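> My structure is below; once you've seen it, I'll send some questions.
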Amino acid sequence: MLMVLGRLAAILGLALANCSMLFAQGANDSKLAFVVPNLFGPNGLRLDNPDHDAHFDSSFQANFGPFNSALATQLTSLPIPSPASGFTYTFDGALGVYNRSAQSFGPILTERAETIGKDRFYFGFSFQHFSFQDIDDVSLGNIPVVFTHSPTVDPASVFLRDVISTQNLVDVQIGQLATFFTYGLTDRVDVSVAVPFLSATVDAVSVATIQRLGTGLLPQGDPNRLAHTFRFGQDVAEQRYFNAGSASGLGDITIRLKGTATKWEKAALALAADVRLPTGDEFDFLGTGAPGFKPFVILSYAHSRFSPHVNVGYQFNGNSLLAGNLQAGEKGDLADQFLYSAGVDIGVTEKFTLAADFLGQRVIDAPRVGRTPAVSAAGVPTTFDTLVFTDGSFNTWDAAFGFKVSPAGTLLVTFNVIVKLNSGGLRGRVAPLVGLSYTP
């Protein structure tokens, strides 16, 4: 066992070094969590006018926490391939040897109840790419936000009637390279570790348009008619803003303990628990910034090469700055999740297994984002769509399809794709995965 643990440490060290080299990038002073809040500059959206305090506010800018919190919630549930080995073994006491106990290579993103076998060792790598397209059914390519004038002058003034409408694009991309390994402590108990390395990029673009609902009614030649402009002394009513950042590094490490509680002739029940360590930098969207604990139950059945399974669990999350107030350094409670999944893996041949899963979760009391018409200041009836923020629970549903193939011995190559089935939270339409694993 000491030799195996020594090999495990060596492999993990090599994996850490290789992954760090793979994701090494140039230094970036800006943190990703501030890319969108600082899209218009650290002081918000201000216009170029030395004679008038043309300062515009928006709840989107002041309360950007829901977006960051949605991304942090997503990071708590970024799927990592199951650390359960594709090859499981049971000990035959009569013959004194280990025999392969399953005729398929198992699921890809969920767990089966069978364990790898005492003193057996398994390790692998996988890469997934996540591209997020919407948040609570609001397209990230078309986010409407309205900025109203700060009440720094007489409320009856025509200045307050002007608003700035913006159309915004936020592009969020995350690549996840995971190293995972499993060791069989006994014939019924496994311990697994997943070490993810993430690369994240955030690009934000805004096209802002001054809507002169008040000052535009002033007569030609009135010096206040162009009080709101993007270029002092000129009639410039539209401006484009851009901000971006990228980061890479260690994500949140997950440790899993799984034990087979009961076995029947063709079925098994296992209890498992994940402990998530906040090792990733939450300011760069590499981690959640909060510890996590997920106990779950696994029920699986095996009939020849056909193996269905069900997983049910609950993810407890701690406090994170991403769920609170970044500017003030105040942490907030990161939303918990009730997790449920069901799937099947089919050993089509001795070398090829098909896998399909339904992945569901109920996110509890999380920040939500929606869009609604916003009435401009001073009672002007003109309206423009803008974002609103609420709190509430919601479901996310995904389907996963893939296969495992063994080109030689106990080497496995894995391909998988996740497809979203509904809207809710920060979501991407498709997330591909490719992986490589080996059982010595």
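Identifiers in the structure tokens: chain A, B, ... in order shown; residue index from 1 per chain; ligand index from 1 in order shown.
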Based on the backbone DSSP call, show me all residues of range 281-404 of chain A assigned helix (DSSP H, G or I), as a ChimeraX atom specification.
/A:282-284,377-379
> Select from range 305-374 of chain A every residue with an atom at most 8 Å from any atom of range 103-117 of chain A, then for each give the shortest pair of atoms and their distance in Å to one decimal, using only C-alpha atoms, rows by chain and rising number, as a Markdown table.

| residue | atom | partner | partner_atom | distance |
| --- | --- | --- | --- | --- |
| A:Arg305 | CA | A:Gln103 | CA | 5.2 |
| A:Phe306 | CA | A:Ser104 | CA | 7.6 |
| A:Ser307 | CA | A:Ser104 | CA | 7.5 |
| A:His309 | CA | A:Arg112 | CA | 6.2 |
| A:Val310 | CA | A:Arg112 | CA | 7.9 |
| A:Asn311 | CA | A:Glu111 | CA | 7.0 |
| A:Ser341 | CA | A:Thr110 | CA | 7.4 |
| A:Gly343 | CA | A:Pro107 | CA | 7.7 |
| A:Val344 | CA | A:Pro107 | CA | 7.0 |
| A:Asp345 | CA | A:Pro107 | CA | 5.7 |
| A:Ile346 | CA | A:Ser104 | CA | 6.0 |
| A:Gly347 | CA | A:Ser104 | CA | 4.2 |
| A:Val348 | CA | A:Ser104 | CA | 7.9 |
| A:Glu350 | CA | A:Gln103 | CA | 7.2 |
| A:Phe352 | CA | A:Phe105 | CA | 7.9 |
| A:Thr353 | CA | A:Ser104 | CA | 5.9 |
| A:Ala355 | CA | A:Pro107 | CA | 5.8 |
| A:Ala356 | CA | A:Pro107 | CA | 7.5 |
| A:Asp357 | CA | A:Thr110 | CA | 7.6 |
> So, with only C-alpha atoms as the atoms that count, which of A:Ala400, A:Leu322, A:Val236, A:Ala431 lies closest to Thr76 in chain A?
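Of A:Ala400, A:Leu322, A:Val236, A:Ala431, the one nearest Thr76 in chain A is A:Leu322, counting only C-alpha atoms.
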> Would you write out, as CSV, a table of all residues in range 221-302 of chain A that have an atom no more than 6 Å from an atom of range 182-192 of chain A, listing for each the closest atom pair and the distance in Å to one decimal, considering only C-alpha atoms and ordering rows by chain and rising residue number?

residue,atom,partner,partner_atom,distance
A:Ile255,CA,A:Ser192,CA,5.8
A:Arg256,CA,A:Ser192,CA,4.9
A:Leu257,CA,A:Val191,CA,4.6
A:Lys258,CA,A:Asp190,CA,5.2
A:Gly259,CA,A:Val189,CA,4.3
A:Thr260,CA,A:Arg188,CA,5.1
> If you keep C-alpha atoms, can you produce a file of those selected residues as a PDB file, in the first residue's frame?

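Final output, result04.pdb:
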ATOM      1  CA  ILE A 255     -12.123  14.722  -1.943  1.00  0.00           C
ATOM      2  CA  ARG A 256     -14.630  11.864  -2.155  1.00  0.00           C
ATOM      3  CA  LEU A 257     -15.184   8.906   0.145  1.00  0.00           C
ATOM      4  CA  LYS A 258     -17.495   6.143  -1.118  1.00  0.00           C
ATOM      5  CA  GLY A 259     -18.527   2.952   0.592  1.00  0.00           C
ATOM      6  CA  THR A 260     -20.763   0.125  -0.602  1.00  0.00           C
TER       7      THR A 260
END
